[in-house]
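Visitor: Please read through the structure below; I'll follow up with questions.
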Amino acid sequence: MIIRLATPLDANAILTVMNDAENSGFMLANPGERKLTPEAIKKIIGNVNSSAKSGFFVAEKDGLLLGYLIVRGENMERTTHRASIVIGVHSNSRGKGVGSALFNHIFNWAKQNELHRLELTAIESNEQA
């Protein structure tokens with residue numbers, strides 16, 4: 001498995017993982033609530049990857065996208081040490097170390113980018129989170 005920055009070419013696969021993750025009921029958006037398109041995902045990838053202390057990362061194995069993790073850094077001087085994160089793993093890949101691999105990669109990346117606080121909001125009933 002490799003963890004890498006997402007590119008616009010990943011948009012369709014990311015959308016598949018996002019929809020699957022949201023259908024779990026454990027994401028902040030309810031199933032079917034967001035109406036994202038591949039074009040919208042491409043814009044999100046570009047915006048996130050071009051922002052300071054931010055990145056849109058994907059986990060991939062054998063050409064298949066398994067999950068994603070988005071880090072959004074802050075721009076105000078007093079809060080540039082922190083970022084919020086969103087993670088989603090496809091149901092076929094849960095419990096197989098994908099989330100752990102994404103988090104481990106991000107923890108190292110965060111240190112290199114002088115991020116000292118990562119914030120994740122989770123649904124209370126999501127015991128795996």
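Please note that chains go A, B, ... in the order of the structure tokens, that every chain numbers its residues from 1, and that ligands are numbered from 1 in the order shown.
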Produce a table with one row for each residue of stretch 65-106 of chain A that has an atom at most 6 Å from any atom of stretch 39-60 of chain A, each row naming the nearest atom pair and its distance in Å at one decimal; use only C-alpha atoms; arrange rows by chain and rising residue number; format as CSV.
Guide:
residue,atom,partner,partner_atom,distance
A:Leu65,CA,A:Glu60,CA,4.5
A:Leu66,CA,A:Ala59,CA,5.5
A:Gly67,CA,A:Ala59,CA,5.2
A:Tyr68,CA,A:Val58,CA,4.2
A:Leu69,CA,A:Phe57,CA,5.2
A:Ile70,CA,A:Phe56,CA,4.5
A:Val71,CA,A:Ser54,CA,5.0
A:Arg72,CA,A:Ser54,CA,4.6
A:Gly73,CA,A:Lys53,CA,4.8
Visitor: Any chance you can output those residues with N, CA and C atoms as an mmCIF file, in the first residue's frame?
Guide:
data_model
loop_
_atom_site.group_PDB
_atom_site.id
_atom_site.type_symbol
_atom_site.label_atom_id
_atom_site.label_comp_id
_atom_site.auth_asym_id
_atom_site.auth_seq_id
_atom_site.Cartn_x
_atom_site.Cartn_y
_atom_site.Cartn_z
ATOM 1 N N LEU A 65 -8.000 2.579 -5.124
ATOM 2 C CA LEU A 65 -8.012 3.556 -4.043
ATOM 3 C C LEU A 65 -8.823 2.993 -2.885
ATOM 4 N N LEU A 66 -8.205 2.923 -1.705
ATOM 5 C CA LEU A 66 -8.807 2.294 -0.533
ATOM 6 C C LEU A 66 -9.372 3.290 0.466
ATOM 7 N N GLY A 67 -8.793 4.486 0.519
ATOM 8 C CA GLY A 67 -9.217 5.482 1.495
ATOM 9 C C GLY A 67 -8.554 6.816 1.220
ATOM 10 N N TYR A 68 -8.974 7.804 1.968
ATOM 11 C CA TYR A 68 -8.420 9.156 1.819
ATOM 12 C C TYR A 68 -8.325 9.819 3.183
ATOM 13 N N LEU A 69 -7.458 10.800 3.275
ATOM 14 C CA LEU A 69 -7.340 11.630 4.472
ATOM 15 C C LEU A 69 -7.020 13.043 4.013
ATOM 16 N N ILE A 70 -7.843 13.981 4.447
ATOM 17 C CA ILE A 70 -7.668 15.390 4.088
ATOM 18 C C ILE A 70 -7.177 16.143 5.320
ATOM 19 N N VAL A 71 -6.118 16.906 5.142
ATOM 20 C CA VAL A 71 -5.584 17.776 6.198
ATOM 21 C C VAL A 71 -5.775 19.207 5.733
ATOM 22 N N ARG A 72 -6.433 20.013 6.560
ATOM 23 C CA ARG A 72 -6.629 21.432 6.237
ATOM 24 C C ARG A 72 -5.986 22.277 7.326
ATOM 25 N N GLY A 73 -4.869 22.892 6.954
ATOM 26 C CA GLY A 73 -4.165 23.763 7.881
ATOM 27 C C GLY A 73 -4.861 25.107 8.003
#
Visitor: I need the residues of chain A that end up classed as helix (DSSP H, G or I) by DSSP on the backbone, written out as JSON, numbers by chain.
Guide: {"A": [8, 9, 10, 11, 12, 13, 14, 15, 16, 17, 18, 19, 20, 21, 22, 23, 38, 39, 40, 41, 42, 43, 44, 45, 46, 47, 48, 49, 77, 78, 79, 91, 92, 93, 98, 99, 100, 101, 102, 103, 104, 105, 106, 107, 108, 109, 110, 111, 112]}
Visitor: What is the distance, in Å and to one decimal place, between atom CA of A:Ile14 and atom CA of A:Gly95?
Guide: 18.9 Å
Visitor: Of the candidates A:Ala83, A:Met18, A:Ala11, A:Val89, which shows the shortest atom-to-atom distance to A:Ile106, using only C-alpha atoms?
Guide: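 Distance minimum relative to A:Ile106 lands on A:Ala83.
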Visitor: What separation in Å, quoted to one decimal, exists between atom CA of A:Leu102 and atom CA of A:Asn23?
Guide: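 Computed distance, atom CA of A:Leu102 to atom CA of A:Asn23, equals 20.5 Å.
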Visitor: Rounded to one decimal place, report the atom CA of A:Asn19-atom CA of A:Glu74 distance in Å.
Guide: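 Atom CA of A:Glu74 lies at a distance of 26.5 Å from atom CA of A:Asn19.
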